[in-house]
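These notes concern the structure reproduced below.
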Amino acid sequence: MPRSLPFRPPERADLAVAAVGLLGGLLLYALGLISNPALPAVPRRFALLALVAMAGAELLRRRAPLVGLGVGTAALALDVCAGSLVANVGMFTDLVYAAVLYGPPAAYRFIPRATEVLTVLGTLLALAVMRQPAALLVGIALGVLTIAPAWTGVGVRVHRDAAEAARLTAERTALLAELDRREAVAAERARMARELHDMVAGHLSAIAIHSSAALSIDEPTASREALGVIRENSVQGLAEMRRLIGLLRETAGADRPAPTPRLDGLDALLERARTSVRDDRFSFVLRDGRGAGELPVPVELAAYRIVQESLTNAVKHAASGEVRVELDRVDGGGPLTVRVTSPLGATRPGPRAPGAGAGLVGMRERVALLNGEFEAGPVDGTWTIRAVLPVDEERSEKS
């Protein structure tokens, strides 16, 4: 058994149009304002029947505009035969307009053409029957009844469809912008998580090394120095963790990027490395040959992290001597070369520091993201880390 569609009452505007047309037609009929019937044999009271049918068709102007136009056409024919009421003519023009505006696309394209053909044929027929210039008035009347409302509906529908298309385009643009924003926020949060690891890893490595030293060396002075270094690195690591975790938890400020380390902070980085050692085993030297040209933020960040991880590895594994950090860029242009050399140390007894070996993997990964070159290994009695980071000049100008 076919499933019946739920009843949907007419729109309030359609009820208002039908009620005004019906009451107006009854008033005109009561006042006798009705033209002579085209067929004298048809009683004038049939115009009231046409009026009721036309008002009923108005109730369908949105729900079933083509059905309403069909009913209205039949009612108009009866109205003309019985004596035309102006109310019926007015409601018929509204039905033509509604069929074009609310009907399917086929009706939107067909009805205006059909009204033009109907007007031309009606004018020619009137001229053939009447053989007088007054027959042109029939064509004008048909044009007013059919062509004018049809093309009015076309104009309104074109503007309505254009507005709907603009609205959908705006919604799609807003959706794409929101997706881009969310992707950018997710990428920024992932970067901040990597920053958290890079910032805290050095502090935790120093803590692991000095705690191992304090456990293996039974000297109060060395133990106090190791505990001092452990405390300092613990405080700094906790501060960095609180700052970045606070940024990650912020909802309202999720779009605000975290501060990005730059190469201008290498002096402070080396100074922290000197402080963490607390003896004269190492000397740290920085030679900055970047030149005057600016570097893109991703290149500076990668170079900074490579130097940071290299210093951590040197403190953990290198023998006593000079740790040298060199930045080179030919004539202020081309790729940036980062080189960190430290004395090659022997394998130390004792427990292996947590996370050992992950630093080289992280550095290699950062360089690969920039399509650069990375080398790490013993060279002439030193442990050398060398990274070549390509510089995109266009990005450099925008950074």
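Each chain in the structure tokens gets a letter, A, B, ..., in the order shown, and its residues are numbered from 1; ligands are numbered from 1 in order too.
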
Would you kindly return, as a short mmCIF file (atom, residue, chain, number, x, y, z; two decimals) with all heavy atoms, in the first residue's frame, each protein, DNA or RNA residue with an atom no farther than 7 Å from any atom of range 285-289 of chain A, considering only C-alpha atoms and excluding same-chain residues fewer than 4 positions away?
```cif
data_model
loop_
_atom_site.label_atom_id
_atom_site.label_comp_id
_atom_site.auth_asym_id
_atom_site.auth_seq_id
_atom_site.Cartn_x
_atom_site.Cartn_y
_atom_site.Cartn_z
N VAL A 323 83.92 22.77 22.30
CA VAL A 323 82.71 22.49 21.52
C VAL A 323 82.48 23.72 20.65
O VAL A 323 82.27 24.82 21.16
CB VAL A 323 81.50 22.22 22.42
CG1 VAL A 323 80.26 21.98 21.58
CG2 VAL A 323 81.77 21.03 23.33
N ARG A 324 82.52 23.51 19.33
CA ARG A 324 82.48 24.63 18.41
C ARG A 324 81.19 24.59 17.58
O ARG A 324 80.85 23.57 16.98
CB ARG A 324 83.69 24.58 17.48
CG ARG A 324 83.87 25.82 16.63
CD ARG A 324 85.19 25.74 15.86
NE ARG A 324 85.47 26.98 15.14
CZ ARG A 324 86.04 28.05 15.66
NH1 ARG A 324 86.41 28.03 16.93
NH2 ARG A 324 86.26 29.14 14.94
N VAL A 325 80.51 25.73 17.56
CA VAL A 325 79.27 25.88 16.78
C VAL A 325 79.53 26.88 15.67
O VAL A 325 79.95 28.02 15.94
CB VAL A 325 78.10 26.36 17.66
CG1 VAL A 325 76.84 26.55 16.82
CG2 VAL A 325 77.85 25.37 18.79
N GLU A 326 79.31 26.48 14.41
CA GLU A 326 79.57 27.34 13.26
C GLU A 326 78.33 27.43 12.37
O GLU A 326 77.72 26.42 12.06
CB GLU A 326 80.75 26.80 12.44
CG GLU A 326 82.05 26.73 13.21
CD GLU A 326 83.15 26.10 12.38
OE1 GLU A 326 82.82 25.36 11.42
OE2 GLU A 326 84.33 26.33 12.67
N LEU A 327 78.01 28.67 12.00
CA LEU A 327 76.94 28.93 11.05
C LEU A 327 77.54 29.61 9.84
O LEU A 327 78.23 30.63 9.98
CB LEU A 327 75.86 29.83 11.68
CG LEU A 327 75.20 29.35 12.98
CD1 LEU A 327 74.22 30.40 13.49
CD2 LEU A 327 74.48 28.02 12.77
N ASP A 328 77.28 29.07 8.67
CA ASP A 328 77.87 29.62 7.44
C ASP A 328 76.79 29.77 6.39
O ASP A 328 75.92 28.89 6.23
CB ASP A 328 78.97 28.70 6.90
CG ASP A 328 80.21 28.71 7.78
OD1 ASP A 328 80.67 29.82 8.11
OD2 ASP A 328 80.69 27.62 8.13
N ARG A 329 76.91 30.90 5.67
CA ARG A 329 76.04 31.14 4.53
C ARG A 329 76.84 32.00 3.54
O ARG A 329 77.21 33.13 3.87
CB ARG A 329 74.74 31.84 4.95
CG ARG A 329 73.68 31.83 3.86
CD ARG A 329 72.41 32.49 4.34
NE ARG A 329 71.39 32.47 3.30
CZ ARG A 329 70.37 33.31 3.24
NH1 ARG A 329 70.23 34.23 4.18
NH2 ARG A 329 69.49 33.23 2.26
#
```

### Message
I'd like to know which residues of range 3-113 of chain A are helix (DSSP H, G or I) (by DSSP, run on the backbone); could you write them as a VMD selection string?
### Response
chain A and resid 12 to 30 46 to 58 65 to 82 86 to 102 105 to 113

### Query
Neighbours of Leu59 in chain A within 9 Å (only C-alpha atoms; same-chain residues fewer than 5 positions away dropped), as an NGL selection string?
:A and (10-11 or 14-15 or 17-18 or 64 or 68)

### Message
Rounded to one decimal, what separation in Å do you get between CA of Leu136 in chain A and CA of Leu33 in chain A?
### Response
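Rounded to one decimal, the two atoms are 24.3 Å apart.
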
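Residues surrounding Tyr29 in chain A within 9 Å are A:Gly24, A:Ile34, A:Arg45, A:Ala47, A:Leu48, A:Leu85 [only C-alpha atoms; sequence separation below 5 positions excluded].
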
Can you write out the residues you just picked, keeping all heavy atoms, as a tab-separated table (two decimals), in the first residue's frame?
```
chain	number	residue	atom	x	y	z
A	24	GLY	N	-12.97	40.25	-2.65
A	24	GLY	CA	-13.05	41.31	-3.65
A	24	GLY	C	-13.97	40.94	-4.80
A	24	GLY	O	-14.74	41.78	-5.29
A	34	ILE	N	-19.42	43.60	-13.40
A	34	ILE	CA	-19.06	42.41	-14.15
A	34	ILE	C	-19.35	42.67	-15.62
A	34	ILE	O	-20.36	43.29	-15.98
A	34	ILE	CB	-19.84	41.16	-13.65
A	34	ILE	CG1	-19.41	39.91	-14.40
A	34	ILE	CG2	-21.33	41.37	-13.71
A	34	ILE	CD1	-20.00	38.63	-13.83
A	45	ARG	N	-24.07	33.86	-12.96
A	45	ARG	CA	-23.70	33.34	-11.64
A	45	ARG	C	-22.57	32.31	-11.72
A	45	ARG	O	-21.95	31.98	-10.71
A	45	ARG	CB	-24.92	32.73	-10.96
A	45	ARG	CG	-25.54	31.57	-11.71
A	45	ARG	CD	-26.73	31.02	-10.93
A	45	ARG	NE	-27.38	29.94	-11.65
A	45	ARG	CZ	-28.33	30.10	-12.56
A	45	ARG	NH1	-28.74	31.33	-12.87
A	45	ARG	NH2	-28.89	29.06	-13.15
A	47	ALA	N	-19.87	32.94	-12.94
A	47	ALA	CA	-18.65	33.69	-12.61
A	47	ALA	C	-18.27	33.51	-11.15
A	47	ALA	O	-17.08	33.54	-10.80
A	47	ALA	CB	-18.84	35.16	-12.94
A	48	LEU	N	-19.30	33.31	-10.30
A	48	LEU	CA	-19.00	33.05	-8.88
A	48	LEU	C	-18.33	31.68	-8.71
A	48	LEU	O	-17.45	31.52	-7.86
A	48	LEU	CB	-20.29	33.12	-8.06
A	48	LEU	CG	-20.95	34.49	-7.98
A	48	LEU	CD1	-22.26	34.41	-7.19
A	48	LEU	CD2	-20.01	35.51	-7.34
A	85	LEU	N	-14.96	38.87	-14.12
A	85	LEU	CA	-14.72	39.67	-12.91
A	85	LEU	C	-13.25	40.07	-12.86
A	85	LEU	O	-12.36	39.25	-13.13
A	85	LEU	CB	-15.07	38.86	-11.67
A	85	LEU	CG	-16.56	38.71	-11.33
A	85	LEU	CD1	-16.73	37.69	-10.21
A	85	LEU	CD2	-17.15	40.04	-10.91
```

Do you know which residues are at most 9 Å from range 260-272 of chain A counting only C-alpha atoms, after dropping those on the same chain fewer than 4 positions away, and could you put them as a tab-separated table (two decimals) with C-alpha atoms, in the first residue's frame?
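What landed in result_21.tsv:
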```
chain	number	residue	atom	x	y	z
A	195	GLU	CA	58.79	22.35	20.99
A	276	SER	CA	74.92	23.10	33.17
A	277	VAL	CA	78.50	21.71	33.05
A	284	PHE	CA	81.90	26.63	24.01
A	285	VAL	CA	82.65	28.75	20.94
A	286	LEU	CA	80.17	30.27	18.51
A	297	VAL	CA	61.35	31.00	10.46
A	300	GLU	CA	65.99	29.30	11.95
A	301	LEU	CA	63.93	26.98	14.14
A	303	ALA	CA	69.03	25.30	13.01
A	304	TYR	CA	68.37	26.35	16.62
A	305	ARG	CA	67.08	22.88	17.56
A	307	VAL	CA	72.48	23.27	17.83
A	308	GLN	CA	70.50	22.68	21.04
A	311	LEU	CA	75.12	20.71	22.72
```

Excluding Thr119 in chain A and its own-chain neighbours fewer than 2 positions away, which residues fall within 12 Å of it when counting only C-alpha atoms? Please give them as an mmCIF file with N, CA and C atoms, in the first residue's frame.
```cif
data_model
loop_
_atom_site.group_PDB
_atom_site.id
_atom_site.type_symbol
_atom_site.label_atom_id
_atom_site.label_comp_id
_atom_site.auth_asym_id
_atom_site.auth_seq_id
_atom_site.Cartn_x
_atom_site.Cartn_y
_atom_site.Cartn_z
ATOM 1 N N PRO A 112 7.151 31.245 -19.992
ATOM 2 C CA PRO A 112 7.278 32.534 -20.710
ATOM 3 C C PRO A 112 7.177 32.387 -22.226
ATOM 4 N N ARG A 113 7.781 31.342 -22.780
ATOM 5 C CA ARG A 113 7.672 31.136 -24.224
ATOM 6 C C ARG A 113 6.243 30.803 -24.623
ATOM 7 N N ALA A 114 5.579 29.999 -23.806
ATOM 8 C CA ALA A 114 4.190 29.635 -24.123
ATOM 9 C C ALA A 114 3.276 30.854 -24.090
ATOM 10 N N THR A 115 3.492 31.768 -23.156
ATOM 11 C CA THR A 115 2.643 32.971 -23.100
ATOM 12 C C THR A 115 2.872 33.861 -24.321
ATOM 13 N N GLU A 116 4.101 33.904 -24.791
ATOM 14 C CA GLU A 116 4.364 34.710 -25.993
ATOM 15 C C GLU A 116 3.661 34.122 -27.224
ATOM 16 N N VAL A 117 3.772 32.796 -27.358
ATOM 17 C CA VAL A 117 3.094 32.141 -28.487
ATOM 18 C C VAL A 117 1.584 32.313 -28.382
ATOM 19 N N LEU A 121 -0.798 34.108 -31.193
ATOM 20 C CA LEU A 121 -1.900 33.364 -31.814
ATOM 21 C C LEU A 121 -3.254 34.011 -31.506
ATOM 22 N N GLY A 122 -3.419 34.466 -30.258
ATOM 23 C CA GLY A 122 -4.679 35.118 -29.899
ATOM 24 C C GLY A 122 -4.893 36.408 -30.672
ATOM 25 N N THR A 123 -3.815 37.165 -30.867
ATOM 26 C CA THR A 123 -3.923 38.414 -31.634
ATOM 27 C C THR A 123 -4.275 38.130 -33.090
ATOM 28 N N LEU A 124 -3.613 37.144 -33.684
ATOM 29 C CA LEU A 124 -3.912 36.795 -35.076
ATOM 30 C C LEU A 124 -5.335 36.281 -35.233
ATOM 31 N N LEU A 125 -5.797 35.488 -34.281
ATOM 32 C CA LEU A 125 -7.172 34.975 -34.338
ATOM 33 C C LEU A 125 -8.171 36.103 -34.211
ATOM 34 N N ALA A 126 -7.924 37.047 -33.307
ATOM 35 C CA ALA A 126 -8.840 38.183 -33.149
ATOM 36 C C ALA A 126 -8.881 39.030 -34.418
ATOM 37 N N LEU A 136 -6.338 44.406 -31.995
ATOM 38 C CA LEU A 136 -5.036 44.482 -31.342
ATOM 39 C C LEU A 136 -5.162 44.623 -29.828
ATOM 40 N N LEU A 137 -6.308 45.163 -29.386
ATOM 41 C CA LEU A 137 -6.522 45.272 -27.937
ATOM 42 C C LEU A 137 -6.581 43.906 -27.281
ATOM 43 N N VAL A 138 -7.078 42.916 -28.051
ATOM 44 C CA VAL A 138 -7.099 41.554 -27.504
ATOM 45 C C VAL A 138 -5.674 41.065 -27.254
ATOM 46 N N GLY A 139 -4.776 41.360 -28.217
ATOM 47 C CA GLY A 139 -3.382 40.972 -28.023
ATOM 48 C C GLY A 139 -2.746 41.673 -26.832
ATOM 49 N N ILE A 140 -3.074 42.971 -26.670
ATOM 50 C CA ILE A 140 -2.521 43.710 -25.523
ATOM 51 C C ILE A 140 -3.030 43.123 -24.211
ATOM 52 N N ALA A 141 -4.337 42.787 -24.193
ATOM 53 C CA ALA A 141 -4.908 42.197 -22.977
ATOM 54 C C ALA A 141 -4.265 40.853 -22.665
ATOM 55 N N LEU A 142 -4.061 40.012 -23.699
ATOM 56 C CA LEU A 142 -3.407 38.724 -23.465
ATOM 57 C C LEU A 142 -1.970 38.914 -22.965
ATOM 58 N N GLY A 143 -1.275 39.905 -23.517
ATOM 59 C CA GLY A 143 0.079 40.172 -23.057
ATOM 60 C C GLY A 143 0.123 40.595 -21.604
ATOM 61 N N VAL A 144 -0.814 41.448 -21.208
ATOM 62 C CA VAL A 144 -0.870 41.897 -19.808
ATOM 63 C C VAL A 144 -1.196 40.736 -18.883
ATOM 64 N N LEU A 145 -2.093 39.832 -19.349
ATOM 65 C CA LEU A 145 -2.520 38.714 -18.509
ATOM 66 C C LEU A 145 -1.458 37.627 -18.384
ATOM 67 N N THR A 146 -0.658 37.426 -19.411
ATOM 68 C CA THR A 146 0.246 36.270 -19.423
ATOM 69 C C THR A 146 1.728 36.647 -19.498
ATOM 70 N N ILE A 147 2.111 37.435 -20.513
ATOM 71 C CA ILE A 147 3.539 37.718 -20.707
ATOM 72 C C ILE A 147 4.110 38.528 -19.542
ATOM 73 N N ALA A 148 3.403 39.577 -19.128
ATOM 74 C CA ALA A 148 3.924 40.448 -18.068
ATOM 75 C C ALA A 148 4.175 39.695 -16.757
#
```

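CA of Arg109 in chain A lies 17.5 Å from CA of Asp94 in chain A.
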
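Excluding Arg281 in chain A itself and same-chain residues fewer than 3 positions from it, the residues having an atom within 10 Å of it are Arg274, Val277, Arg278, Val315, Ala318, Ala319, Ser320, Gly321 and Glu322 of chain A, counting only C-alpha atoms.
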
Okay, now the selection with all heavy atoms, as a PDB file, in the first residue's frame?
```
ATOM      1  N   ARG A 274      77.101  26.133  29.298  1.00  0.00           N
ATOM      2  CA  ARG A 274      78.242  26.347  30.186  1.00  0.00           C
ATOM      3  C   ARG A 274      77.815  26.195  31.644  1.00  0.00           C
ATOM      4  O   ARG A 274      78.520  25.607  32.475  1.00  0.00           O
ATOM      5  CB  ARG A 274      78.843  27.737  29.976  1.00  0.00           C
ATOM      6  CG  ARG A 274      79.492  27.953  28.612  1.00  0.00           C
ATOM      7  CD  ARG A 274      80.221  29.290  28.554  1.00  0.00           C
ATOM      8  NE  ARG A 274      80.655  29.593  27.198  1.00  0.00           N
ATOM      9  CZ  ARG A 274      79.994  30.365  26.363  1.00  0.00           C
ATOM     10  NH1 ARG A 274      78.842  30.936  26.749  1.00  0.00           N
ATOM     11  NH2 ARG A 274      80.465  30.591  25.143  1.00  0.00           N
ATOM     12  N   VAL A 277      77.311  22.549  32.860  1.00  0.00           N
ATOM     13  CA  VAL A 277      78.496  21.708  33.049  1.00  0.00           C
ATOM     14  C   VAL A 277      79.094  21.919  34.434  1.00  0.00           C
ATOM     15  O   VAL A 277      79.469  20.971  35.120  1.00  0.00           O
ATOM     16  CB  VAL A 277      79.538  21.997  31.939  1.00  0.00           C
ATOM     17  CG1 VAL A 277      80.824  21.242  32.205  1.00  0.00           C
ATOM     18  CG2 VAL A 277      78.965  21.610  30.587  1.00  0.00           C
ATOM     19  N   ARG A 278      79.225  23.175  34.854  1.00  0.00           N
ATOM     20  CA  ARG A 278      79.736  23.532  36.182  1.00  0.00           C
ATOM     21  C   ARG A 278      81.197  23.077  36.418  1.00  0.00           C
ATOM     22  O   ARG A 278      81.596  22.768  37.516  1.00  0.00           O
ATOM     23  CB  ARG A 278      78.832  22.929  37.273  1.00  0.00           C
ATOM     24  CG  ARG A 278      77.460  23.528  37.378  1.00  0.00           C
ATOM     25  CD  ARG A 278      77.517  24.978  37.809  1.00  0.00           C
ATOM     26  NE  ARG A 278      76.199  25.540  37.907  1.00  0.00           N
ATOM     27  CZ  ARG A 278      75.503  25.595  39.048  1.00  0.00           C
ATOM     28  NH1 ARG A 278      76.015  25.133  40.159  1.00  0.00           N
ATOM     29  NH2 ARG A 278      74.303  26.140  39.051  1.00  0.00           N
ATOM     30  N   VAL A 315      77.512  17.485  25.881  1.00  0.00           N
ATOM     31  CA  VAL A 315      77.634  17.442  27.338  1.00  0.00           C
ATOM     32  C   VAL A 315      77.524  16.011  27.848  1.00  0.00           C
ATOM     33  O   VAL A 315      78.182  15.605  28.807  1.00  0.00           O
ATOM     34  CB  VAL A 315      76.565  18.350  27.970  1.00  0.00           C
ATOM     35  CG1 VAL A 315      76.520  18.169  29.474  1.00  0.00           C
ATOM     36  CG2 VAL A 315      76.829  19.806  27.617  1.00  0.00           C
ATOM     37  N   ALA A 318      80.722  13.831  24.940  1.00  0.00           N
ATOM     38  CA  ALA A 318      82.024  14.286  24.433  1.00  0.00           C
ATOM     39  C   ALA A 318      83.093  14.250  25.517  1.00  0.00           C
ATOM     40  O   ALA A 318      82.805  14.312  26.725  1.00  0.00           O
ATOM     41  CB  ALA A 318      81.900  15.699  23.870  1.00  0.00           C
ATOM     42  N   ALA A 319      84.336  14.158  25.040  1.00  0.00           N
ATOM     43  CA  ALA A 319      85.475  14.273  25.961  1.00  0.00           C
ATOM     44  C   ALA A 319      85.737  15.752  26.241  1.00  0.00           C
ATOM     45  O   ALA A 319      85.143  16.647  25.630  1.00  0.00           O
ATOM     46  CB  ALA A 319      86.702  13.611  25.336  1.00  0.00           C
ATOM     47  N   SER A 320      86.611  16.015  27.181  1.00  0.00           N
ATOM     48  CA  SER A 320      86.934  17.396  27.529  1.00  0.00           C
ATOM     49  C   SER A 320      87.561  18.103  26.341  1.00  0.00           C
ATOM     50  O   SER A 320      88.327  17.520  25.576  1.00  0.00           O
ATOM     51  CB  SER A 320      87.893  17.420  28.716  1.00  0.00           C
ATOM     52  OG  SER A 320      87.326  16.767  29.830  1.00  0.00           O
ATOM     53  N   GLY A 321      87.208  19.396  26.169  1.00  0.00           N
ATOM     54  CA  GLY A 321      87.782  20.157  25.082  1.00  0.00           C
ATOM     55  C   GLY A 321      86.819  21.216  24.584  1.00  0.00           C
ATOM     56  O   GLY A 321      85.883  21.626  25.285  1.00  0.00           O
ATOM     57  N   GLU A 322      87.069  21.639  23.385  1.00  0.00           N
ATOM     58  CA  GLU A 322      86.286  22.747  22.816  1.00  0.00           C
ATOM     59  C   GLU A 322      85.097  22.207  22.016  1.00  0.00           C
ATOM     60  O   GLU A 322      85.235  21.327  21.175  1.00  0.00           O
ATOM     61  CB  GLU A 322      87.169  23.598  21.906  1.00  0.00           C
ATOM     62  CG  GLU A 322      86.442  24.793  21.293  1.00  0.00           C
ATOM     63  CD  GLU A 322      87.335  25.566  20.339  1.00  0.00           C
ATOM     64  OE1 GLU A 322      87.467  25.140  19.160  1.00  0.00           O
ATOM     65  OE2 GLU A 322      87.902  26.577  20.770  1.00  0.00           O
TER      66      GLU A 322
END
```

### Query
Can you tell me how far CA of Pro37 in chain A sits from CA of Cys81 in chain A, in Å to one decimal?
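Going from CA of Pro37 in chain A over to CA of Cys81 in chain A covers 5.2 Å.
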
Set out as CSV a contact list for range 297-353 of chain A and range 371-381 of chain A with a cut-off of 12 Å, giving each residue of range 297-353 of chain A that qualifies its closest atom pair and distance in Å to one decimal, counting only C-alpha atoms, ordered by chain and rising residue number.
```
residue,atom,partner,partner_atom,distance
A:Pro298,CA,A:Asn371,CA,11.9
A:Val299,CA,A:Gly372,CA,10.1
A:Ala302,CA,A:Gly372,CA,10.7
A:Ala303,CA,A:Gly372,CA,11.4
A:Ile306,CA,A:Phe374,CA,10.3
A:Ser310,CA,A:Ala376,CA,10.1
A:Asn313,CA,A:Ala376,CA,11.7
A:Ala318,CA,A:Gly381,CA,11.0
A:Ala319,CA,A:Gly381,CA,10.6
A:Gly321,CA,A:Gly381,CA,11.6
A:Pro335,CA,A:Gly372,CA,8.8
A:Leu336,CA,A:Gly372,CA,9.6
A:Thr337,CA,A:Glu373,CA,9.3
A:Val338,CA,A:Phe374,CA,9.5
A:Arg339,CA,A:Glu375,CA,9.5
A:Val340,CA,A:Ala376,CA,9.5
A:Thr341,CA,A:Val379,CA,8.9
A:Ser342,CA,A:Gly381,CA,8.9
A:Pro343,CA,A:Gly381,CA,6.7
A:Leu344,CA,A:Gly381,CA,5.8
A:Gly345,CA,A:Gly381,CA,9.0
A:Ala346,CA,A:Gly381,CA,11.1
```
